[in-house]
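K.L.:
This one is query.txt, compact mmCIF, C-alpha atoms.
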```
# COMPACT_ATOMS: atom_id res chain seq x y z
CA MET A 1 185.12 -114.35 -80.13
CA SER A 2 188.36 -112.48 -79.42
CA GLY A 3 191.81 -112.82 -80.95
CA GLY A 4 192.22 -114.72 -84.19
CA LEU A 5 188.80 -116.38 -84.20
CA THR A 6 186.33 -115.50 -86.92
CA LEU A 7 182.57 -115.48 -86.35
CA LYS A 8 182.37 -118.85 -88.04
CA ASP A 9 184.47 -120.49 -85.30
CA VAL A 10 181.75 -119.99 -82.71
CA ILE A 11 179.33 -122.87 -82.31
CA TRP A 12 176.01 -121.56 -81.04
CA ALA A 13 173.41 -123.20 -78.83
CA THR A 14 172.06 -126.05 -80.93
CA PRO A 15 168.33 -125.12 -80.85
CA LEU A 16 169.25 -121.98 -82.81
CA TYR A 17 170.58 -124.14 -85.65
CA LYS A 18 167.34 -126.09 -85.66
CA PHE A 19 165.32 -122.88 -85.94
CA LEU A 20 167.67 -121.49 -88.60
CA ARG A 21 167.17 -124.67 -90.62
CA HIS A 22 163.39 -124.18 -90.53
CA CYS A 23 163.76 -120.49 -91.45
CA ASN A 24 166.06 -121.35 -94.37
CA SER A 25 163.34 -123.68 -95.68
CA SER A 26 160.68 -120.94 -95.59
CA PRO A 27 159.96 -118.92 -98.73
CA LEU A 28 159.56 -115.71 -96.64
CA GLU A 29 161.99 -112.79 -96.72
CA LYS A 30 165.02 -113.26 -94.44
CA ILE A 31 164.19 -110.87 -91.60
CA VAL A 32 164.39 -112.06 -88.00
CA LEU A 33 163.76 -110.73 -84.47
CA ASP A 34 165.47 -111.90 -81.26
CA CYS A 35 163.51 -111.18 -78.06
CA GLY A 36 166.11 -111.04 -75.29
CA ALA A 37 168.93 -110.34 -77.72
CA GLY A 38 171.60 -108.86 -75.45
CA GLY A 39 174.84 -110.08 -73.92
CA ASP A 40 178.51 -109.97 -74.86
CA ASP A 41 178.16 -112.45 -77.75
CA PRO A 42 174.71 -111.93 -79.32
CA PRO A 43 173.33 -115.02 -81.07
CA LEU A 44 171.80 -112.86 -83.82
CA GLN A 45 175.28 -113.10 -85.38
CA LEU A 46 174.38 -116.60 -86.56
CA PHE A 47 171.42 -115.27 -88.58
CA HIS A 48 173.45 -112.28 -89.78
CA GLU A 49 176.11 -114.67 -91.05
CA TYR A 50 173.44 -116.56 -93.02
CA GLY A 51 172.24 -113.39 -94.76
CA TYR A 52 169.31 -112.38 -92.55
CA ARG A 53 168.33 -108.80 -91.74
CA THR A 54 168.37 -108.89 -87.94
CA TYR A 55 166.65 -107.00 -85.14
CA GLY A 56 166.65 -107.57 -81.41
CA VAL A 57 165.16 -106.20 -78.23
CA GLU A 58 166.81 -106.36 -74.81
CA VAL A 59 165.13 -105.03 -71.68
CA ALA A 60 167.99 -105.34 -69.17
CA ASP A 61 170.61 -102.57 -69.02
CA ASN A 62 173.81 -104.57 -68.70
CA PRO A 63 173.22 -107.12 -71.51
CA PHE A 64 171.97 -104.26 -73.72
CA GLN A 65 175.18 -102.26 -73.19
CA GLN A 66 177.28 -105.39 -73.79
CA ALA A 67 175.51 -106.06 -77.10
CA LYS A 68 175.90 -102.41 -78.17
CA GLN A 69 179.62 -102.56 -77.36
CA PHE A 70 179.96 -105.85 -79.25
CA CYS A 71 178.32 -104.45 -82.40
CA LYS A 72 180.55 -101.35 -82.26
CA GLU A 73 183.77 -103.33 -81.74
CA HIS A 74 182.99 -105.81 -84.52
CA ASN A 75 181.37 -103.24 -86.81
CA ILE A 76 178.30 -105.44 -87.25
CA ALA A 77 174.76 -104.01 -87.55
CA LEU A 78 172.59 -106.45 -85.59
CA ASN A 79 170.08 -103.65 -84.75
CA ILE A 80 169.60 -104.51 -81.09
CA LEU A 81 167.29 -101.99 -79.42
CA LYS A 82 166.53 -101.28 -75.79
CA GLY A 83 163.02 -102.65 -75.58
CA ASP A 84 160.54 -104.96 -73.95
CA MET A 85 159.10 -108.03 -75.65
CA ARG A 86 155.76 -107.39 -73.94
CA HIS A 87 155.44 -104.24 -76.09
CA LEU A 88 157.49 -104.77 -79.22
CA PRO A 89 158.47 -101.51 -80.93
CA PHE A 90 157.69 -102.82 -84.42
CA LYS A 91 154.66 -102.59 -86.65
CA SER A 92 152.47 -105.63 -87.21
CA GLN A 93 153.71 -108.30 -89.65
CA PHE A 94 157.17 -106.70 -89.87
CA PHE A 95 159.04 -110.01 -89.40
CA SER A 96 159.16 -113.38 -91.09
CA PHE A 97 160.85 -115.02 -88.09
CA ALA A 98 161.12 -114.34 -84.37
CA TYR A 99 162.69 -116.20 -81.48
CA SER A 100 163.34 -115.99 -77.78
CA PHE A 101 166.00 -118.36 -76.49
CA ASN A 102 166.55 -118.87 -72.74
CA ALA A 103 164.90 -115.50 -72.13
CA ILE A 104 161.14 -115.80 -71.81
CA ILE A 105 161.69 -118.22 -68.91
CA PHE A 106 162.57 -115.29 -66.64
CA MET A 107 159.08 -113.79 -66.93
CA THR A 108 155.80 -114.54 -65.17
CA LYS A 109 153.35 -116.71 -67.09
CA GLN A 110 151.09 -113.71 -67.60
CA ASP A 111 153.95 -111.77 -69.20
CA ILE A 112 154.90 -114.80 -71.29
CA ALA A 113 151.33 -114.86 -72.66
CA HIS A 114 151.57 -111.11 -73.45
CA SER A 115 154.91 -111.57 -75.17
CA LEU A 116 153.68 -114.45 -77.30
CA ARG A 117 150.76 -112.31 -78.47
CA GLU A 118 153.26 -109.60 -79.39
CA ILE A 119 155.45 -112.08 -81.27
CA GLU A 120 152.36 -113.25 -83.11
CA ARG A 121 151.43 -109.65 -83.96
CA VAL A 122 154.81 -108.75 -85.51
CA LEU A 123 154.99 -111.99 -87.51
CA ARG A 124 153.67 -112.34 -91.05
CA PRO A 125 151.20 -115.12 -91.82
CA THR A 126 153.16 -118.40 -92.12
CA GLY A 127 156.01 -116.71 -90.21
CA LEU A 128 157.93 -118.93 -87.79
CA CYS A 129 158.79 -118.50 -84.14
CA PHE A 130 161.03 -120.39 -81.75
CA VAL A 131 160.51 -120.19 -77.97
CA ASN A 132 161.86 -122.44 -75.23
CA PHE A 133 160.51 -123.06 -71.74
CA VAL A 134 161.80 -124.71 -68.58
CA SER A 135 159.92 -127.90 -67.68
CA VAL A 136 158.39 -128.62 -64.26
CA ASP A 137 160.60 -131.73 -64.37
CA GLU A 138 163.72 -129.62 -63.89
CA PRO A 139 164.77 -130.49 -60.34
CA THR A 140 166.57 -127.25 -59.46
CA LYS A 141 163.46 -125.03 -59.27
CA GLY A 142 165.92 -122.16 -59.80
CA SER A 143 165.35 -118.66 -58.50
CA PHE A 144 167.29 -115.62 -59.71
CA CYS A 145 169.77 -113.51 -57.78
CA LYS A 146 167.61 -110.40 -58.13
CA PRO A 147 164.00 -109.84 -59.19
CA PHE A 148 163.43 -109.37 -62.93
CA LEU A 149 160.28 -107.72 -64.31
CA GLY A 150 158.54 -108.47 -61.02
CA ASN A 151 159.53 -112.14 -61.13
CA THR A 152 161.97 -114.04 -58.90
CA LYS A 153 161.83 -117.63 -60.18
CA PHE A 154 162.00 -119.32 -63.57
CA SER A 155 158.51 -120.00 -64.89
CA GLN A 156 158.23 -123.78 -65.25
CA HIS A 157 155.72 -125.47 -67.54
CA GLU A 158 153.98 -128.85 -67.70
CA ASP A 159 154.53 -130.90 -70.87
CA ASN A 160 151.57 -129.43 -72.78
CA GLU A 161 150.91 -126.30 -70.75
CA ALA A 162 152.72 -123.91 -73.12
CA ASP A 163 150.70 -125.20 -76.10
CA SER A 164 148.02 -122.69 -75.10
CA TYR A 165 150.29 -119.73 -75.98
CA PHE A 166 150.31 -120.95 -79.58
CA SER A 167 146.59 -121.04 -80.33
CA ASN A 168 147.09 -118.88 -83.44
CA PHE A 169 150.03 -120.97 -84.58
CA ASP A 170 150.55 -124.49 -85.86
CA ILE A 171 153.15 -126.18 -83.65
CA ILE A 172 155.41 -127.86 -86.19
CA HIS A 173 158.24 -129.01 -83.91
CA LYS A 174 158.15 -129.56 -80.18
CA GLU A 175 161.08 -131.05 -78.32
CA LYS A 176 161.47 -131.89 -74.66
CA ARG A 177 165.13 -132.15 -73.74
CA ILE A 178 166.32 -133.74 -70.51
CA VAL A 179 169.97 -132.72 -70.30
CA GLU A 180 172.40 -134.25 -67.79
CA LYS A 181 175.82 -132.62 -67.65
CA THR A 182 178.80 -133.67 -65.58
CA THR A 183 181.52 -131.07 -65.06
CA ASN A 184 184.29 -131.69 -62.53
CA ARG A 185 182.30 -134.65 -61.16
CA LYS A 186 179.32 -132.38 -60.47
CA ARG A 187 176.13 -133.57 -62.15
CA SER A 188 173.36 -131.16 -63.15
CA VAL A 189 170.02 -131.77 -64.83
CA GLN A 190 168.16 -129.24 -66.98
CA VAL A 191 164.85 -129.89 -68.69
CA TYR A 192 163.63 -127.71 -71.56
CA ILE A 193 160.63 -127.72 -73.85
CA ASP A 194 161.38 -126.09 -77.23
CA TYR A 195 158.68 -124.99 -79.67
CA ILE A 196 158.88 -124.09 -83.34
CA ALA A 197 155.51 -122.79 -84.51
CA LYS A 198 154.11 -121.34 -87.72
CA LYS A 199 151.67 -118.43 -87.58
CA LYS A 200 148.29 -119.37 -88.99
CA THR A 201 147.00 -117.60 -92.05
CA GLU A 202 143.76 -115.79 -91.19
CA PRO A 203 140.95 -115.67 -93.74
CA ARG A 204 141.62 -111.99 -94.58
CA ASP A 205 145.33 -112.75 -95.04
CA ARG A 206 144.51 -115.67 -97.30
CA LEU A 207 142.44 -113.37 -99.51
CA ARG A 208 145.26 -110.80 -99.61
CA LEU A 209 147.89 -113.45 -100.36
CA GLU A 210 145.74 -114.90 -103.12
CA SER A 211 145.17 -111.48 -104.72
CA GLU A 212 148.94 -110.72 -104.50
CA SER A 213 149.79 -113.99 -106.16
CA LEU A 214 147.22 -113.19 -108.87
CA THR A 215 148.84 -109.78 -109.40
CA GLU A 216 152.28 -111.38 -109.72
CA GLU A 217 151.24 -113.84 -112.37
CA MET B 1 174.00 -128.96 -101.72
CA SER B 2 173.67 -128.46 -105.45
CA GLY B 3 173.60 -125.33 -107.57
CA GLY B 4 174.75 -122.06 -106.06
CA LEU B 5 174.83 -123.19 -102.42
CA THR B 6 178.13 -123.29 -100.60
CA LEU B 7 178.86 -125.83 -97.88
CA LYS B 8 178.19 -123.18 -95.26
CA ASP B 9 174.56 -122.89 -96.33
CA VAL B 10 173.74 -126.40 -95.10
CA ILE B 11 172.50 -126.62 -91.52
CA TRP B 12 173.35 -130.04 -90.13
CA ALA B 13 171.55 -132.15 -87.55
CA THR B 14 171.88 -130.18 -84.33
CA PRO B 15 173.53 -132.89 -82.15
CA LEU B 16 176.53 -132.67 -84.48
CA TYR B 17 176.99 -129.00 -83.57
CA LYS B 18 176.85 -129.92 -79.89
CA PHE B 19 179.58 -132.53 -80.39
CA LEU B 20 181.65 -130.14 -82.52
CA ARG B 21 181.45 -127.56 -79.74
CA HIS B 22 182.84 -130.08 -77.26
CA CYS B 23 185.58 -131.12 -79.70
CA ASN B 24 186.56 -127.48 -80.32
CA SER B 25 187.00 -127.06 -76.55
CA SER B 26 189.38 -130.04 -76.33
CA PRO B 27 193.14 -129.48 -76.49
CA LEU B 28 193.58 -132.64 -78.62
CA GLU B 29 194.60 -132.63 -82.28
CA LYS B 30 191.67 -132.07 -84.68
CA ILE B 31 191.22 -135.57 -86.12
CA VAL B 32 187.77 -137.15 -86.18
CA LEU B 33 186.12 -140.44 -87.21
CA ASP B 34 182.50 -140.90 -88.37
CA CYS B 35 181.14 -144.46 -87.96
CA GLY B 36 178.36 -144.77 -90.50
CA ALA B 37 179.69 -141.91 -92.60
CA GLY B 38 178.03 -142.54 -95.95
CA GLY B 39 175.17 -141.00 -97.90
CA ASP B 40 174.79 -138.32 -100.53
CA ASP B 41 175.59 -135.45 -98.16
CA PRO B 42 178.15 -136.73 -95.62
CA PRO B 43 178.06 -134.86 -92.29
CA LEU B 44 181.86 -135.09 -92.00
CA GLN B 45 181.80 -131.94 -94.15
CA LEU B 46 180.91 -129.96 -91.03
CA PHE B 47 184.12 -131.07 -89.29
CA HIS B 48 186.14 -130.60 -92.48
CA GLU B 49 184.87 -127.05 -92.71
CA TYR B 50 186.05 -126.41 -89.14
CA GLY B 51 189.58 -127.57 -89.93
CA TYR B 52 189.43 -131.20 -88.81
CA ARG B 53 191.25 -134.07 -90.50
CA THR B 54 188.35 -136.44 -91.19
CA TYR B 55 187.92 -140.19 -91.63
CA GLY B 56 184.78 -142.26 -91.96
CA VAL B 57 183.68 -145.86 -92.33
CA GLU B 58 180.55 -147.00 -94.09
CA VAL B 59 179.52 -150.65 -94.26
CA ALA B 60 176.57 -150.42 -96.69
CA ASP B 61 177.26 -150.37 -100.43
CA ASN B 62 174.85 -147.70 -101.60
CA PRO B 63 175.63 -144.98 -99.02
CA PHE B 64 179.35 -145.72 -99.47
CA GLN B 65 179.12 -145.18 -103.25
CA GLN B 66 177.07 -142.00 -102.72
CA ALA B 67 179.69 -140.58 -100.35
CA LYS B 68 182.51 -141.50 -102.75
CA GLN B 69 180.66 -139.77 -105.58
CA PHE B 70 180.03 -136.71 -103.41
CA CYS B 71 183.72 -136.35 -102.47
CA LYS B 72 184.73 -136.70 -106.14
CA GLU B 73 182.18 -134.16 -107.38
CA HIS B 74 183.02 -131.61 -104.70
CA ASN B 75 186.76 -132.37 -104.70
CA ILE B 76 186.77 -132.79 -100.93
CA ALA B 77 188.93 -135.38 -99.12
CA LEU B 78 186.72 -136.70 -96.33
CA ASN B 79 188.51 -140.10 -96.40
CA ILE B 80 185.42 -142.28 -96.18
CA LEU B 81 186.40 -145.97 -96.37
CA LYS B 82 184.33 -149.08 -96.91
CA GLY B 83 184.46 -150.58 -93.45
CA ASP B 84 182.68 -151.93 -90.44
CA MET B 85 182.57 -150.15 -87.11
CA ARG B 86 182.72 -153.52 -85.34
CA HIS B 87 186.27 -153.92 -86.71
CA LEU B 88 187.66 -150.44 -87.31
CA PRO B 89 190.55 -150.40 -89.81
CA PHE B 90 192.62 -147.97 -87.73
CA LYS B 91 195.37 -148.43 -85.18
CA SER B 92 194.69 -147.84 -81.51
CA GLN B 93 194.55 -144.23 -80.29
CA PHE B 94 194.57 -142.86 -83.85
CA PHE B 95 191.70 -140.42 -83.23
CA SER B 96 190.93 -137.58 -80.86
CA PHE B 97 187.20 -137.69 -81.65
CA ALA B 98 184.74 -140.26 -82.96
CA TYR B 99 181.00 -140.25 -83.50
CA SER B 100 178.16 -142.34 -84.82
CA PHE B 101 174.97 -140.41 -85.54
CA ASN B 102 171.70 -142.22 -86.35
CA ALA B 103 173.73 -145.27 -87.39
CA ILE B 104 174.52 -147.53 -84.43
CA ILE B 105 170.75 -147.85 -83.84
CA PHE B 106 170.51 -150.24 -86.80
CA MET B 107 172.69 -152.86 -85.09
CA THR B 108 171.96 -155.52 -82.49
CA LYS B 109 172.87 -154.65 -78.90
CA GLN B 110 175.72 -157.15 -79.02
CA ASP B 111 177.16 -155.43 -82.11
CA ILE B 112 176.66 -152.02 -80.49
CA ALA B 113 178.75 -153.20 -77.53
CA HIS B 114 181.47 -154.43 -79.94
CA SER B 115 181.44 -151.15 -81.81
CA LEU B 116 181.73 -149.06 -78.67
CA ARG B 117 184.78 -151.10 -77.63
CA GLU B 118 186.27 -150.39 -81.06
CA ILE B 119 185.52 -146.69 -80.77
CA GLU B 120 187.17 -146.73 -77.36
CA ARG B 121 190.24 -148.51 -78.79
CA VAL B 122 190.84 -146.00 -81.59
CA LEU B 123 190.38 -142.98 -79.30
CA ARG B 124 193.23 -141.34 -77.44
CA PRO B 125 192.96 -140.90 -73.68
CA THR B 126 190.63 -137.93 -72.98
CA GLY B 127 189.31 -138.30 -76.54
CA LEU B 128 185.60 -137.64 -77.03
CA CYS B 129 182.85 -139.69 -78.63
CA PHE B 130 179.25 -138.96 -79.55
CA VAL B 131 176.72 -141.77 -80.00
CA ASN B 132 172.93 -141.60 -80.10
CA PHE B 133 170.37 -144.29 -79.34
CA VAL B 134 166.64 -144.74 -79.85
CA SER B 135 164.68 -144.82 -76.58
CA VAL B 136 162.20 -147.55 -75.64
CA ASP B 137 159.75 -144.63 -75.28
CA GLU B 138 159.65 -144.16 -79.05
CA PRO B 139 156.17 -145.36 -79.95
CA THR B 140 156.85 -146.49 -83.52
CA LYS B 141 158.98 -149.55 -82.63
CA GLY B 142 160.29 -149.21 -86.18
CA SER B 143 161.52 -152.12 -88.23
CA PHE B 144 163.63 -151.77 -91.39
CA CYS B 145 162.65 -152.67 -94.93
CA LYS B 146 165.41 -155.25 -95.25
CA PRO B 147 167.72 -156.94 -92.71
CA PHE B 148 170.96 -155.08 -91.91
CA LEU B 149 173.93 -156.88 -90.32
CA GLY B 150 171.59 -159.63 -89.16
CA ASN B 151 169.20 -157.12 -87.55
CA THR B 152 165.67 -156.16 -88.59
CA LYS B 153 164.55 -153.63 -85.95
CA PHE B 154 166.03 -150.51 -84.37
CA SER B 155 167.69 -151.38 -81.08
CA GLN B 156 165.83 -149.43 -78.41
CA HIS B 157 167.32 -148.59 -75.02
CA GLU B 158 166.01 -147.83 -71.54
CA ASP B 159 166.99 -144.45 -70.05
CA ASN B 160 170.22 -145.70 -68.41
CA GLU B 161 170.74 -148.96 -70.30
CA ALA B 162 173.32 -147.57 -72.73
CA ASP B 163 175.44 -146.22 -69.84
CA SER B 164 177.01 -149.69 -69.60
CA TYR B 165 178.68 -149.26 -73.01
CA PHE B 166 180.66 -146.34 -71.60
CA SER B 167 182.33 -147.99 -68.60
CA ASN B 168 185.76 -146.80 -69.76
CA PHE B 169 184.46 -143.31 -70.43
CA ASP B 170 183.20 -140.43 -68.34
CA ILE B 171 179.74 -139.48 -69.61
CA ILE B 172 179.94 -135.68 -69.75
CA HIS B 173 176.67 -134.91 -71.56
CA LYS B 174 173.60 -137.07 -71.85
CA GLU B 175 170.41 -135.79 -73.45
CA LYS B 176 167.07 -137.48 -73.88
CA ARG B 177 165.08 -135.78 -76.64
CA ILE B 178 161.36 -136.34 -77.12
CA VAL B 179 160.67 -134.85 -80.54
CA GLU B 180 157.14 -134.26 -81.85
CA LYS B 181 156.93 -133.15 -85.46
CA THR B 182 153.85 -132.20 -87.42
CA THR B 183 154.13 -132.23 -91.21
CA ASN B 184 151.00 -131.88 -93.35
CA ARG B 185 148.88 -132.46 -90.23
CA LYS B 186 150.62 -135.78 -89.59
CA ARG B 187 152.17 -136.00 -86.13
CA SER B 188 155.19 -138.18 -85.41
CA VAL B 189 157.13 -138.78 -82.22
CA GLN B 190 160.78 -139.76 -82.03
CA VAL B 191 162.72 -140.30 -78.82
CA TYR B 192 166.52 -140.27 -78.75
CA ILE B 193 169.17 -140.57 -76.07
CA ASP B 194 172.42 -138.79 -77.03
CA TYR B 195 175.73 -139.37 -75.26
CA ILE B 196 178.93 -137.35 -75.30
CA ALA B 197 181.63 -139.22 -73.39
CA LYS B 198 185.32 -138.73 -72.66
CA LYS B 199 187.69 -141.70 -72.70
CA LYS B 200 189.25 -142.30 -69.31
CA THR B 201 192.97 -141.99 -68.90
CA GLU B 202 194.40 -145.34 -67.79
CA PRO B 203 197.25 -145.43 -65.25
CA ARG B 204 199.83 -146.32 -67.93
CA ASP B 205 198.56 -143.47 -70.13
CA ARG B 206 198.80 -141.06 -67.23
CA LEU B 207 202.44 -142.01 -66.71
CA ARG B 208 203.16 -141.59 -70.43
CA LEU B 209 201.36 -138.25 -70.59
CA GLU B 210 203.26 -137.03 -67.52
CA SER B 211 206.62 -138.09 -68.97
CA GLU B 212 205.77 -136.42 -72.30
CA SER B 213 204.88 -133.22 -70.54
CA LEU B 214 208.17 -133.43 -68.60
CA THR B 215 210.08 -133.90 -71.86
CA GLU B 216 208.40 -130.91 -73.40
CA GLU B 217 209.38 -128.61 -70.55
```
The structure in this file should be written as structure tokens.
P.N.:
Amino acid sequence: MSGGLTLKDVIWATPLYKFLRHCNSSPLEKIVLDCGAGGDDPPLQLFHEYGYRTYGVEVADNPFQQAKQFCKEHNIALNILKGDMRHLPFKSQFFSFAYSFNAIIFMTKQDIAHSLREIERVLRPTGLCFVNFVSVDEPTKGSFCKPFLGNTKFSQHEDNEADSYFSNFDIIHKEKRIVEKTTNRKRSVQVYIDYIAKKKTEPRDRLRLESESLTEE
Amino acid sequence: MSGGLTLKDVIWATPLYKFLRHCNSSPLEKIVLDCGAGGDDPPLQLFHEYGYRTYGVEVADNPFQQAKQFCKEHNIALNILKGDMRHLPFKSQFFSFAYSFNAIIFMTKQDIAHSLREIERVLRPTGLCFVNFVSVDEPTKGSFCKPFLGNTKFSQHEDNEADSYFSNFDIIHKEKRIVEKTTNRKRSVQVYIDYIAKKKTEPRDRLRLESESLTEE
């Protein structure tokens, strides 16, 4: 991202493109939230580049400061706030789209369940979310260097275990990825389970949507 | 791709972004080949947009004509030729990068082996290729509508079976993807195995590369 490169020259993690493709196909307003949005090269740039109004929350100090610095240096308003995805500082149904990429995995399963309820709350009916999990099949059973939000190990999920977080969603795309990388003759295996889910329309929302569409006609 | 959209607004199949990211990290010249490059929206556009010199071969009439029409209408020189990936119409070591996405799966395993040897031939030492396969775990066991190159069913591969095609490559990224999609309450499962592999440097190439680097100094 430094020197002569433009934003366009960065190729982001591929699941983000998959989610962006689903968002682009939705008729909802282009407004997106990243939960765990910090770091020195915030992925919200991808959505910003495609014309989305972006917001992010980041709970950890260092990645938050890095993201702030990045936005200042590049004069780009990604709207990344210091905040916690277990208590999102946004009113209900504020977003059309929300995602958490390689972030929710650091939390306990109880906190993951809280966060998914928060993501559901801030999403509009038929809004889309993307969340990825680490599978129990990942052999490393990785623990962190220092405790994070009271957790010390990646939360790992069985193939269908995370389905339960999405009871008020329709799961429209689910992808288990078994990734083997070899770098300098060292082989590593990572196993993810990615979800793209659409928030269900509740009966009261259906009535409201129908009356709005009547008004518009 | 019609109307007011620019090329940038298309989001391509995500494995192509993964391959592009690897290609962008290579020091080799930006010249890429797509084997099975036809259709009404050729994915070579992605590489063209990122500054690559592009070439493609397409063996089937209809997708070839569609691609030709696309390039004419959009005044874009993707260089897609009528040709067969089992006998690539290019001299050895012409390309830095080559890929075949959702195409090689239509061929018999014998023809796949031929094609991989051709891809290897046209790649420079340390050149990269991307190829994806359908896993034996895919439940559909899909057959085509009409025979293609003497084949009537997708060739399906065991987890490590396709490794043998890459004996003169280092496999640097291998990803098995179990994809569940739900559209209009209909659930489908597709299982792919993606490879990104780097062509090995043979002893005679190493000598040549060393002498070239001496000359340059």
K.L.:
Any idea which chain A residues end up within 8 Å of chain B if we count only C-alpha atoms, as a PyMOL selection string please?
P.N.:
chain A and resi 9+11-15+17-18+20-21+50+171-183
K.L.:
Report, in Å to a single decimal, how far apart atom CA of Ile76 of chain B and atom CA of Ser115 of chain B are.
P.N.:
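Between atom CA of Ser115 of chain B and atom CA of Ile76 of chain B the gap is 27.0 Å.
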K.L.:
With distances taken over only C-alpha atoms, which residue among A:Gln156, A:Asn151, A:Thr108, A:Thr201 lies nearest Val136 of chain A?
P.N.:
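Of all the options, A:Gln156 lies closest to Val136 of chain A.
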K.L.:
Quick one: everything within 9 Å of Glu158 of chain A, counting only C-alpha atoms, minus sequence neighbours fewer than 5 positions away in the same chain. Send it as an mmCIF file with C-alpha atoms, in the frame of the given file.
P.N.:
```cif
data_model
loop_
_atom_site.group_PDB
_atom_site.id
_atom_site.type_symbol
_atom_site.label_atom_id
_atom_site.label_comp_id
_atom_site.auth_asym_id
_atom_site.auth_seq_id
_atom_site.Cartn_x
_atom_site.Cartn_y
_atom_site.Cartn_z
ATOM 1 C CA VAL A 134 161.800 -124.710 -68.580
ATOM 2 C CA SER A 135 159.920 -127.900 -67.680
ATOM 3 C CA VAL A 136 158.390 -128.620 -64.260
ATOM 4 C CA ASP A 137 160.600 -131.730 -64.370
#
```
K.L.:
One decimal, in Å: what's the spacing between atom CA of Pro139 of chain B and atom CA of Pro42 of chain B?
P.N.:
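Answer for the atom CA of Pro139 of chain B to atom CA of Pro42 of chain B separation: 28.3 Å.
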K.L.:
What is the distance, in Å and to one decimal place, between atom CA of Pro147 of chain A and atom CA of Cys129 of chain A?
P.N.:
26.9 Å
K.L.:
Write out as a ChimeraX atom specification each polymer residue whose atoms come within 8 Å of segment 93-104 of chain A, counting all atoms listed in the file; drop sequence neighbours fewer than 5 positions from it.
P.N.:
/A:16,23,28-37,112,119,121-133
